[in-house]
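Enquirer: Input structure-v2.txt, format and content: compact mmCIF, C-alpha atoms.
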```
# COMPACT_ATOMS: atom_id res chain seq x y z
CA MET X 155 218.45 59.32 142.19
CA LEU X 156 216.52 58.04 145.14
CA GLU X 157 215.03 61.37 146.20
CA ASN X 158 211.51 59.96 146.40
CA PHE X 159 212.54 56.98 148.49
CA SER X 160 209.41 56.18 150.45
CA PHE X 161 209.93 55.01 154.00
CA ARG X 162 206.18 55.20 154.46
CA THR X 163 205.65 52.41 151.92
CA ILE X 164 208.24 50.28 153.68
CA VAL X 165 206.43 50.76 156.99
CA GLU X 166 203.17 49.92 155.26
CA TYR X 167 204.63 46.68 153.96
CA LEU X 168 206.44 45.86 157.22
CA PRO X 169 204.02 43.04 158.20
CA LEU X 170 204.72 41.39 154.84
CA PHE X 171 208.48 41.72 155.35
CA GLY X 172 208.13 40.39 158.90
CA GLN X 173 206.27 37.34 157.67
CA GLY X 174 208.85 36.81 154.94
CA LEU X 175 211.68 37.09 157.47
CA ILE X 176 210.04 34.56 159.78
CA THR X 177 209.43 32.17 156.88
CA THR X 178 213.05 32.53 155.75
CA VAL X 179 214.28 31.80 159.27
CA TRP X 180 212.22 28.68 159.93
CA LEU X 181 212.56 27.22 156.48
CA SER X 182 216.33 27.72 156.67
CA ALA X 183 216.41 26.11 160.11
CA LEU X 184 214.39 23.14 158.86
CA SER X 185 216.59 22.81 155.76
CA PHE X 186 219.71 22.99 157.92
CA ALA X 187 218.41 20.16 160.08
CA GLY X 188 217.75 18.22 156.90
CA ALA X 189 221.21 19.06 155.58
CA LEU X 190 222.81 17.80 158.82
CA THR X 191 220.94 14.51 158.49
CA VAL X 192 221.87 14.09 154.83
CA GLY X 193 225.43 15.19 155.57
CA ILE X 194 225.97 12.75 158.45
CA VAL X 195 224.67 9.83 156.37
CA LEU X 196 226.80 10.82 153.37
CA ALA X 197 229.91 11.34 155.51
CA ALA X 198 229.45 7.95 157.14
CA MET X 199 229.08 6.35 153.70
CA ASN X 200 232.07 8.24 152.40
CA LEU X 201 234.33 7.08 155.25
CA GLN X 202 233.68 3.37 154.66
CA ARG X 203 236.51 1.24 153.35
CA GLY X 204 234.41 -0.73 150.88
CA TRP X 205 233.40 0.88 147.61
CA LEU X 206 229.74 -0.11 147.84
CA PHE X 207 228.78 2.90 149.95
CA ARG X 208 231.71 5.15 149.21
CA VAL X 209 231.31 5.41 145.44
CA PRO X 210 227.63 6.45 145.40
CA ALA X 211 228.27 9.00 148.18
CA LYS X 212 231.22 10.50 146.31
CA ALA X 213 229.25 10.60 143.05
CA TYR X 214 226.36 12.36 144.75
CA ILE X 215 228.63 14.92 146.43
CA ASP X 216 230.44 15.67 143.17
CA ALA X 217 227.20 15.96 141.20
CA VAL X 218 225.78 18.43 143.71
CA ARG X 219 228.96 20.48 143.90
CA ALA X 220 229.37 20.73 140.13
CA THR X 221 225.85 21.99 139.38
CA PRO X 222 224.08 25.17 140.47
CA LEU X 223 221.45 25.09 143.21
CA LEU X 224 218.97 26.82 140.90
CA ALA X 225 219.20 23.98 138.36
CA GLN X 226 218.78 21.46 141.20
CA LEU X 227 215.78 23.38 142.46
CA TYR X 228 214.13 23.41 139.02
CA PHE X 229 215.01 19.72 138.62
CA LEU X 230 212.92 18.90 141.68
CA TYR X 231 210.26 21.54 141.05
CA PHE X 232 209.52 20.45 137.48
CA GLY X 233 210.62 16.84 137.95
CA LEU X 234 208.85 15.63 141.11
CA PRO X 235 205.31 16.02 139.65
CA ARG X 236 206.51 13.80 136.82
CA LEU X 237 207.08 11.06 139.41
CA GLY X 238 203.58 11.61 140.72
CA LEU X 239 204.78 13.62 143.72
CA VAL X 240 202.87 16.88 143.75
CA LEU X 241 204.21 18.79 146.73
CA PRO X 242 203.77 22.41 147.80
CA GLU X 243 206.55 24.74 146.57
CA LEU X 244 207.72 25.31 150.12
CA VAL X 245 208.30 21.59 150.69
CA VAL X 246 210.12 21.24 147.35
CA GLY X 247 212.32 24.19 148.37
CA ILE X 248 213.18 22.70 151.75
CA ILE X 249 214.02 19.34 150.13
CA ALA X 250 216.23 21.03 147.53
CA LEU X 251 218.09 23.09 150.14
CA SER X 252 218.59 20.04 152.39
CA LEU X 253 219.89 17.86 149.57
CA ASN X 254 222.17 20.63 148.28
CA SER X 255 223.61 21.73 151.62
CA GLY X 256 223.85 18.11 152.74
CA ALA X 257 226.63 17.50 150.24
CA TYR X 258 228.67 20.40 151.64
CA VAL X 259 227.95 19.39 155.25
CA ALA X 260 229.15 15.87 154.43
CA GLU X 261 232.51 17.25 153.29
CA ILE X 262 232.80 19.41 156.42
CA ILE X 263 232.10 16.44 158.70
CA ARG X 264 234.47 14.20 156.78
CA ALA X 265 237.26 16.79 157.01
CA GLY X 266 236.56 17.13 160.74
CA ILE X 267 236.86 13.40 161.35
CA LEU X 268 239.94 13.06 159.15
CA SER X 269 241.58 15.94 161.03
CA ILE X 270 241.93 13.78 164.13
CA PRO X 271 245.48 12.49 164.37
CA ARG X 272 245.85 8.76 163.88
CA GLY X 273 247.62 8.50 167.21
CA GLN X 274 244.37 9.31 168.99
CA VAL X 275 242.67 6.26 167.53
CA GLU X 276 245.72 4.11 168.20
CA ALA X 277 245.76 5.29 171.81
CA GLY X 278 242.09 4.30 171.99
CA VAL X 279 242.93 0.85 170.67
CA ALA X 280 245.81 0.56 173.11
CA SER X 281 243.51 1.48 176.00
CA GLY X 282 241.32 -1.46 175.06
CA MET X 283 238.36 0.56 173.77
CA THR X 284 235.88 -1.07 171.43
CA TYR X 285 235.17 0.38 167.96
CA VAL X 286 232.01 2.11 169.16
CA GLN X 287 233.77 3.51 172.23
CA ARG X 288 236.57 4.89 170.08
CA ILE X 289 234.08 6.64 167.83
CA ARG X 290 231.91 7.91 170.67
CA LEU X 291 234.56 8.89 173.18
CA VAL X 292 237.59 9.77 171.07
CA ILE X 293 236.66 10.75 167.53
CA LEU X 294 233.30 12.47 167.75
CA PRO X 295 234.02 14.90 170.63
CA GLN X 296 237.13 16.15 168.85
CA ALA X 297 235.55 16.21 165.39
CA PHE X 298 232.55 18.09 166.77
CA LYS X 299 234.80 20.89 167.94
CA VAL X 300 236.46 21.40 164.56
CA THR X 301 233.26 21.19 162.54
CA ILE X 302 231.15 23.76 164.39
CA PRO X 303 232.64 26.93 162.84
CA PRO X 304 232.49 25.72 159.20
CA LEU X 305 229.00 24.35 159.82
CA LEU X 306 227.89 27.81 160.91
CA GLY X 307 229.52 29.14 157.73
CA GLN X 308 227.40 26.68 155.78
CA ALA X 309 224.32 27.90 157.67
CA ILE X 310 225.07 31.42 156.45
CA VAL X 311 225.33 30.13 152.88
CA LEU X 312 222.06 28.26 153.31
CA VAL X 313 220.15 31.33 154.50
CA LYS X 314 221.37 33.26 151.46
CA ASP X 315 220.63 30.35 149.12
CA SER X 316 217.07 30.23 150.40
CA ALA X 317 216.48 33.48 148.48
CA LEU X 318 216.33 31.36 145.32
CA LEU X 319 213.09 29.80 146.57
CA SER X 320 211.40 33.08 145.64
CA LEU X 321 211.87 31.99 142.02
CA ILE X 322 209.50 29.07 142.56
CA SER X 323 207.15 31.50 144.32
CA VAL X 324 207.69 30.49 147.92
CA SER X 325 206.60 33.53 149.92
CA GLU X 326 209.80 34.12 151.87
CA LEU X 327 211.78 37.32 152.41
CA THR X 328 212.97 37.92 148.84
CA ARG X 329 209.47 37.27 147.54
CA ALA X 330 208.20 40.03 149.84
CA GLY X 331 210.68 42.42 148.25
CA GLN X 332 209.63 41.35 144.77
CA LEU X 333 205.99 41.93 145.65
CA LEU X 334 206.66 45.48 146.79
CA ALA X 335 208.79 46.08 143.70
CA SER X 336 206.12 44.89 141.31
CA ASP X 337 202.96 46.11 143.10
CA ARG X 338 204.16 49.65 143.65
CA PHE X 339 207.04 49.87 141.17
CA MET X 340 209.36 50.53 144.07
CA PRO X 341 212.35 48.23 143.54
CA ALA X 342 214.65 50.36 145.69
CA GLU X 343 212.35 50.21 148.70
CA GLY X 344 211.71 46.51 148.25
CA PHE X 345 215.20 45.21 147.61
CA LEU X 346 217.14 47.50 149.94
CA THR X 347 214.82 46.53 152.79
CA ILE X 348 215.24 42.82 152.27
CA ALA X 349 218.99 43.30 151.88
CA ALA X 350 218.98 44.93 155.32
CA PHE X 351 217.05 41.99 156.78
CA TYR X 352 219.45 39.47 155.26
CA LEU X 353 222.38 41.45 156.69
CA LEU X 354 220.73 41.24 160.09
CA LEU X 355 220.56 37.45 159.82
CA TYR X 356 224.14 37.36 158.50
CA TYR X 357 225.56 39.35 161.41
CA CYS X 358 223.65 37.22 163.92
CA LEU X 359 225.10 34.01 162.48
CA LYS X 360 228.54 35.55 162.09
CA GLY X 361 228.49 36.64 165.74
CA LEU X 362 227.41 33.16 166.74
CA ALA X 363 230.28 31.67 164.74
CA ALA X 364 232.78 33.97 166.47
CA LEU X 365 231.30 33.15 169.89
CA SER X 366 231.35 29.42 169.27
CA GLY X 367 234.95 29.71 168.15
CA ARG X 368 235.81 31.35 171.44
CA TRP X 369 233.85 28.84 173.53
CA LEU X 370 235.51 25.96 171.80
CA GLY X 371 238.91 27.56 172.22
CA LEU X 372 239.50 27.80 168.49
CA GLN X 373 240.67 30.69 166.41
CA PRO X 374 237.98 32.99 165.00
CA ALA X 375 235.83 31.06 162.56
CA ARG X 376 237.23 30.69 159.10
CA SER X 377 234.13 31.50 157.11
CA SER X 378 233.82 29.16 154.18
CA THR X 379 232.68 30.68 150.90
CA MET V 23 205.38 9.93 124.21
CA ILE V 24 208.98 9.76 125.36
CA TRP V 25 210.06 9.54 121.72
CA GLN V 26 208.24 12.76 120.86
CA GLN V 27 209.84 14.43 123.85
CA LEU V 28 213.28 13.32 122.75
CA GLN V 29 212.64 14.67 119.25
CA SER V 30 211.45 17.93 120.69
CA LEU V 31 214.53 18.07 122.90
CA ALA V 32 216.79 17.40 119.94
CA GLY V 33 215.12 20.40 118.27
CA SER V 34 216.16 22.56 121.23
CA TYR V 35 219.79 21.64 120.68
CA PRO V 36 220.84 25.02 119.15
CA LEU V 37 219.10 26.89 121.97
CA ALA V 38 220.91 24.76 124.54
CA LEU V 39 224.25 25.44 122.89
CA ARG V 40 223.53 29.17 122.94
CA GLY V 41 222.61 28.94 126.59
CA LEU V 42 225.81 27.08 127.42
CA GLY V 43 227.76 29.66 125.40
CA MET V 44 226.11 32.48 127.34
CA THR V 45 226.96 30.81 130.66
CA VAL V 46 230.59 30.33 129.61
CA VAL V 47 231.04 33.84 128.18
CA LEU V 48 229.37 35.52 131.14
CA SER V 49 231.43 33.51 133.63
CA LEU V 50 234.65 34.01 131.71
CA ILE V 51 234.34 37.81 131.48
CA SER V 52 233.41 38.11 135.15
CA LEU V 53 236.13 35.68 136.11
CA VAL V 54 238.87 37.71 134.40
CA LEU V 55 237.59 41.07 135.63
CA GLY V 56 236.88 39.69 139.10
CA THR V 57 240.36 38.19 139.40
CA LEU V 58 242.07 41.44 138.40
CA LEU V 59 239.89 43.51 140.73
CA GLY V 60 240.17 40.92 143.51
CA PHE V 61 243.96 40.89 143.39
CA GLY V 62 244.01 44.70 143.42
CA LEU V 63 241.67 44.84 146.40
CA GLY V 64 243.53 42.07 148.21
CA ILE V 65 246.83 43.92 147.85
CA LEU V 66 245.23 47.18 148.98
CA ARG V 67 243.62 45.43 151.93
CA THR V 68 246.95 44.17 153.23
CA GLY V 69 248.75 47.37 152.19
CA GLY V 70 248.84 48.81 155.68
CA ASN V 71 246.38 51.66 155.25
CA ARG V 72 243.79 51.05 157.98
CA LEU V 73 241.08 53.22 156.44
CA ILE V 74 241.22 51.58 153.01
CA GLY V 75 241.50 48.14 154.62
CA SER V 76 238.41 48.53 156.74
CA ALA V 77 236.43 50.17 153.92
CA ILE V 78 237.11 47.13 151.75
CA GLY V 79 236.27 44.85 154.68
CA ALA V 80 232.92 46.57 155.20
CA TRP V 81 232.04 46.25 151.52
CA ILE V 82 232.94 42.56 151.54
CA ASP V 83 230.69 42.01 154.55
CA LEU V 84 227.80 43.68 152.70
CA ILE V 85 228.31 41.40 149.70
CA ARG V 86 228.81 38.28 151.81
CA GLY V 87 225.79 39.03 153.95
CA THR V 88 223.22 39.32 151.17
CA PRO V 89 221.98 36.72 148.69
CA PHE V 90 223.36 37.03 145.17
CA LEU V 91 219.82 37.13 143.79
CA VAL V 92 219.11 40.28 145.82
CA GLN V 93 222.38 41.85 144.60
CA ILE V 94 221.37 41.23 140.99
CA PHE V 95 217.94 42.76 141.57
CA LEU V 96 219.53 45.77 143.24
CA ILE V 97 221.93 46.35 140.36
CA PHE V 98 219.42 45.68 137.61
CA PHE V 99 216.53 47.69 139.04
CA ILE V 100 218.21 50.41 141.05
CA LEU V 101 221.23 51.54 139.05
CA PRO V 102 218.84 52.90 136.36
CA GLU V 103 217.45 55.26 139.03
CA PHE V 104 220.91 56.77 139.21
CA GLY V 105 220.84 57.33 135.48
CA VAL V 106 222.84 54.24 134.52
CA GLU V 107 220.91 52.34 131.89
CA LEU V 108 221.80 48.64 131.94
CA ASP V 109 220.88 45.64 129.86
CA ALA V 110 220.60 42.28 131.59
CA PHE V 111 224.01 41.11 130.36
CA THR V 112 225.89 44.14 131.71
CA ALA V 113 224.01 43.90 135.00
CA GLY V 114 224.96 40.23 135.21
CA VAL V 115 228.63 40.96 134.51
CA ILE V 116 228.72 43.73 137.11
CA ALA V 117 227.05 41.60 139.76
CA LEU V 118 229.23 38.55 139.12
CA THR V 119 232.44 40.58 138.88
CA ASN V 120 231.70 42.30 142.15
CA LEU V 121 230.92 39.00 143.87
CA ALA V 122 234.04 37.32 142.51
CA ALA V 123 236.24 40.32 143.39
CA CYS V 124 235.06 40.24 147.01
CA PHE V 125 235.78 36.56 147.53
CA ILE V 126 239.06 36.66 145.61
CA CYS V 127 240.14 39.69 147.66
CA GLU V 128 239.77 37.62 150.83
CA ILE V 129 241.67 34.70 149.29
CA VAL V 130 244.52 36.94 148.12
CA ALA V 131 244.68 38.79 151.43
CA ALA V 132 244.93 35.48 153.29
CA GLY V 133 247.70 34.39 150.93
CA ILE V 134 249.67 37.58 151.42
CA ARG V 135 249.30 37.39 155.20
CA SER V 136 250.66 33.85 155.13
CA VAL V 137 254.04 35.04 153.83
CA PRO V 138 256.43 35.25 156.81
CA THR V 139 257.42 38.81 157.77
CA GLY V 140 261.05 37.83 157.58
CA GLN V 141 260.71 37.55 153.83
CA VAL V 142 259.53 41.12 153.52
CA GLU V 143 262.23 42.33 155.92
CA ALA V 144 264.88 40.53 153.91
CA ALA V 145 263.55 42.17 150.75
CA LEU V 146 263.60 45.55 152.48
CA ALA V 147 267.17 44.96 153.60
CA SER V 148 268.12 44.06 150.04
CA GLY V 149 266.86 47.46 148.96
CA LEU V 150 263.94 46.26 146.86
CA SER V 151 261.28 48.85 146.09
CA ARG V 152 257.70 48.41 147.26
CA TRP V 153 256.62 47.11 143.86
CA GLN V 154 259.61 44.78 143.60
CA ARG V 155 258.92 43.37 147.07
CA LEU V 156 255.35 42.65 146.08
CA ARG V 157 256.07 41.19 142.67
CA GLN V 158 259.25 39.26 143.35
CA VAL V 159 258.94 38.21 146.98
CA VAL V 160 255.43 38.32 148.39
CA LEU V 161 253.12 37.37 145.52
CA PRO V 162 255.07 34.33 144.27
CA GLN V 163 254.98 32.83 147.76
CA ALA V 164 251.38 33.86 148.35
CA MET V 165 250.30 32.14 145.13
CA ARG V 166 250.83 28.73 146.72
CA ILE V 167 248.14 29.48 149.25
CA VAL V 168 245.97 31.43 146.82
CA LEU V 169 245.77 29.06 143.87
CA PRO V 170 243.65 26.13 145.15
CA PRO V 171 240.83 28.23 146.66
CA LEU V 172 240.99 30.55 143.64
CA VAL V 173 240.08 27.71 141.30
CA GLY V 174 237.38 26.62 143.74
CA GLN V 175 236.04 30.16 143.60
CA TYR V 176 235.78 29.95 139.82
CA VAL V 177 233.52 26.93 140.19
CA LEU V 178 231.28 28.90 142.56
CA LEU V 179 231.24 31.78 140.09
CA ILE V 180 230.09 29.58 137.21
CA LYS V 181 227.36 28.11 139.39
CA ASP V 182 226.27 31.53 140.63
CA SER V 183 225.99 32.71 137.04
CA SER V 184 222.82 30.58 136.84
CA VAL V 185 221.09 33.14 139.06
CA VAL V 186 221.23 35.81 136.32
CA SER V 187 218.52 33.83 134.54
CA ALA V 188 216.20 35.56 137.03
CA ILE V 189 216.57 38.85 135.16
CA GLY V 190 215.86 37.14 131.86
CA LEU V 191 219.32 36.43 130.51
CA THR V 192 219.19 33.29 128.34
CA ASP V 193 221.88 31.22 130.00
CA LEU V 194 221.85 27.45 130.40
CA THR V 195 219.43 27.45 133.33
CA ARG V 196 217.04 29.81 131.53
CA VAL V 197 217.14 27.54 128.47
CA GLY V 198 216.12 24.63 130.67
CA TRP V 199 213.28 26.73 132.05
CA LEU V 200 212.13 27.66 128.52
CA VAL V 201 212.37 24.11 127.21
CA VAL V 202 210.47 22.63 130.14
CA GLN V 203 207.45 24.77 129.21
CA ARG V 204 207.24 22.88 125.90
CA VAL V 205 208.58 19.49 126.92
CA PRO V 206 206.92 18.67 130.23
CA ASN V 207 209.65 16.38 131.49
CA GLY V 208 211.47 18.32 134.19
CA LEU V 209 213.62 15.37 135.26
CA LEU V 210 215.10 14.88 131.80
CA VAL V 211 215.43 18.57 130.88
CA PHE V 212 217.15 19.64 134.08
CA PHE V 213 219.23 16.51 134.16
CA LEU V 214 220.65 17.65 130.81
CA VAL V 215 221.11 21.20 132.14
CA GLY V 216 222.99 19.68 135.05
CA VAL V 217 225.19 17.70 132.67
CA GLY V 218 226.04 20.96 130.87
CA TYR V 219 227.21 22.60 134.11
CA PHE V 220 228.97 19.44 135.21
CA MET V 221 231.04 19.38 132.03
CA VAL V 222 232.28 22.90 132.74
CA CYS V 223 232.65 22.69 136.52
CA TYR V 224 233.91 19.20 137.18
CA PRO V 225 237.31 19.59 135.46
CA LEU V 226 237.83 22.74 137.55
CA ILE V 227 236.92 20.88 140.75
CA MET V 228 239.44 18.18 139.86
CA LEU V 229 242.05 20.85 139.15
CA ALA V 230 241.41 22.51 142.51
CA ARG V 231 241.82 19.17 144.29
CA ARG V 232 245.05 18.42 142.47
CA LEU V 233 246.46 21.86 143.24
CA GLU V 234 245.51 21.45 146.87
CA ARG V 235 247.29 18.13 147.10
CA ARG V 236 250.37 19.45 145.32
CA MET V 237 250.59 22.66 147.33
CA GLY V 238 250.04 20.67 150.51
CA ALA V 239 252.92 18.39 149.55
CA VAL V 240 255.16 21.37 148.87
CA HIS V 241 254.51 22.65 152.36
CA GLY V 242 254.98 19.21 153.82
CA GLU V 243 252.18 19.69 156.28
CA VAL V 244 248.94 17.91 156.89
CA GLN V 245 245.94 19.90 155.78
CA LEU V 246 242.68 20.01 157.64
```
Hey, can you dump this file as structure tokens for me?
Expert:
Amino acid sequence: MLENFSFRTIVEYLPLFGQGLITTVWLSALSFAGALTVGIVLAAMNLQRGWLFRVPAKAYIDAVRATPLLAQLYFLYFGLPRLGLVLPELVVGIIALSLNSGAYVAEIIRAGILSIPRGQVEAGVASGMTYVQRIRLVILPQAFKVTIPPLLGQAIVLVKDSALLSLISVSELTRAGQLLASDRFMPAEGFLTIAAFYLLLYYCLKGLAALSGRWLGLQPARSST
Amino acid sequence: MIWQQLQSLAGSYPLALRGLGMTVVLSLISLVLGTLLGFGLGILRTGGNRLIGSAIGAWIDLIRGTPFLVQIFLIFFILPEFGVELDAFTAGVIALTNLAACFICEIVAAGIRSVPTGQVEAALASGLSRWQRLRQVVLPQAMRIVLPPLVGQYVLLIKDSSVVSAIGLTDLTRVGWLVVQRVPNGLLVFFLVGVGYFMVCYPLIMLARRLERRMGAVHGEVQL
């Protein structure tokens, strides 16, 4: 049983956990920004009529969705040096998370744009709007509204996925728990504490998703995965 | 150089097959157990008992709110403190089953809630028992909604099974990690690992898409 659960050790290691938490937050934020960029580009490619852009985008999205993030992470971690790119683990991790989440973000954005009824675009045409005006004034504002809740769901997934970076020894939150577990042989103290911190992040993002749903006048966010 | 690497890789062929086998067996066991448990929980959740419903909801939030890696560590390192001795495989099965059950519970509950109340009332009026109502009226209609995301969930489960390599189980990802220590060509090795997963996951992704299209057509409504 856990009768000798040591809160004192947790308090002792609190600075380490704090640092890990902060690292997890900013590296997730950075990766999410990267994922949005990758996702917007991929979605734009995927919505083209010609096959030249569409096929590579689809292939990339399928390849990412059909393989585990951990394998993708190792692919970059062990593979990039081979190409002469020796980057710090943290950078490799952020790249991997951006490229992985980008594929999911692309699908969310695409679904958001496709959800706009055809009549809206036709009305835009009938009102004499140009192509750019239709996109900027008709499609994007409506698509934006539908995509926010699932994007926040993806942000939740990304924060949790970032735990895998501990396996390439990035010193984020999970790594802090592993350190406590291995230094002091206190796995319970280490892993229960980081679980609590992740829950904190989860409830913050979940609350944000619910709030955004209300602001945007949508139903409560359907959390994806 | 590259030729030597290829030879060395060809030598790792049996190991790779074992890894792929481990991934498939682990996923398959957890998938079956998780589906059974998930359906049970989903039915309980929508069963009308508030207390049970919110207890399940709280547990699902705990599982959804923490990374799977942390859950595996918790099960593998902490259950022994409660006197439950576990090997890595059992710990992996428990963690994956629990994860799958939680997500499938949500999928099933959503499916059950989508069945119009009138259907249940009609079944009540026809004098069907609780079990008959569930089996003959509610579940068959719920399955339309449940099936596409259920298959999608299986894909996630197979991918998540790669995380058990962290506690030393020799699955496909772990094999890649072992091989790359000998053959220093990460691009090639993990490309092949990726191909292994792709072969298992991609057919399921296609199936999920097809189901989604077919179920959408049955309903005759435009899906988001």
Enquirer: Go through X:Leu354, X:Leu333, X:Ala211, X:Ile248 and flag the residue nearest chain V, using all atoms listed in the file for the distances.
Expert: X:Leu354
Enquirer: Rank nothing, just name the residue among V:Leu156, V:Ala147, V:Leu200, V:Val142 nearest to chain X, using all atoms listed in the file.
Expert: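 Residue with the minimum atom-to-atom distance to chain X: V:Leu200.
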Enquirer: Return the neighbours of chain X among the residues of chain V, cut-off 6 Å, counting all atoms listed in the file, as a list in words.
Expert: Gly87, Thr88, Pro89, Ile100, Glu103, Phe104, Lys181, Gly208, Leu209, Phe212, Gly216, Tyr219, Phe220, Cys223, Tyr224 and Leu246 of chain V
Enquirer: Which one of V:Ala77, V:Arg231, V:Asn120, V:Arg135 sits closest to Ile97 in chain V if you count all atoms listed in the file?
Expert: V:Asn120
Enquirer: For CA of Ile51 in chain V and CA of Val173 in chain V, determine how far apart the two atoms are, in Å to one decimal place.
Expert: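 Taking CA of Ile51 in chain V and CA of Val173 in chain V, their separation equals 15.2 Å.
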Enquirer: Pick out the residues sitting within 10 Å of Ser52 in chain V, and hand them over as a list in words; count all atoms listed in the file, and ignore anything fewer than 6 positions along from it in its own chain.
Expert: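 Here the answer would be Val46, Leu58, Gly114, Val115, Ile116, Ala117, Leu118, Thr119, Asn120, Leu121, Ala122, Ala123, Tyr176, Leu179, Ile180 and Ser183 of chain V.
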Enquirer: Using Å and a single decimal, report how far CA of Gly367 in chain X sits from CA of Thr301 in chain X.
Expert: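 Interatomic distance, CA of Thr301 in chain X to CA of Gly367 in chain X: 10.3 Å.
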Enquirer: Tell me, as a list in words, which residues lie within 9 Å of Leu175 in chain X, counting only C-alpha atoms; anything in the same chain fewer than 2 positions away does not count.
Expert: Leu170, Phe171, Gly172, Gln173, Thr177, Thr178, Val179, Trp180, Glu326, Leu327, Thr328, Ala330, Ile348, Phe351 and Tyr352 of chain X
Enquirer: Report, in Å with one decimal, the straight-line distance from CA of Phe298 in chain X to CA of Ala260 in chain X.
Expert: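 Spanning CA of Phe298 in chain X to CA of Ala260 in chain X is a straight-line distance of 13.0 Å.
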Enquirer: Considering only C-alpha atoms, return as number ranges by chain whatever protein or nucleic-acid residues lie within 9 Å of Ser34 in chain V, sequence-local ones (same chain, fewer than 5 positions apart) excluded.
Expert: V: 29, 39, 197, 201
Enquirer: Between V:Ala145, V:Ile65, V:Leu169, V:Ala164, which has the minimum distance to Arg235 in chain V (counting all atoms listed in the file)?
Expert: V:Leu169
Enquirer: Give as a PyMOL selection string the set of residues within 12 Å of the point (231.5, 7.7, 153.3), where distances use the file's coordinates and all atoms listed in the file.
Expert: chain X and resi 192-215+257+260-261+263-265+267-268
Enquirer: Fewer than 2 positions away in the same chain doesn't count, so skip those; otherwise give me all residues within 9 Å of Met44 in chain V, counting all atoms listed in the file, as a PDB file with C-alpha atoms, in the coordinates of the input.
Expert:
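As written to disk, selection-v7.pdb reads:
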```
ATOM      1  CA  LEU V  39     224.250  25.440 122.890  1.00  0.00           C
ATOM      2  CA  ARG V  40     223.530  29.170 122.940  1.00  0.00           C
ATOM      3  CA  GLY V  41     222.610  28.940 126.590  1.00  0.00           C
ATOM      4  CA  LEU V  42     225.810  27.080 127.420  1.00  0.00           C
ATOM      5  CA  VAL V  46     230.590  30.330 129.610  1.00  0.00           C
ATOM      6  CA  VAL V  47     231.040  33.840 128.180  1.00  0.00           C
ATOM      7  CA  LEU V  48     229.370  35.520 131.140  1.00  0.00           C
ATOM      8  CA  SER V  49     231.430  33.510 133.630  1.00  0.00           C
ATOM      9  CA  LEU V 191     219.320  36.430 130.510  1.00  0.00           C
ATOM     10  CA  THR V 192     219.190  33.290 128.340  1.00  0.00           C
ATOM     11  CA  ASP V 193     221.880  31.220 130.000  1.00  0.00           C
ATOM     12  CA  LEU V 194     221.850  27.450 130.400  1.00  0.00           C
TER      13      LEU V 194
END
```
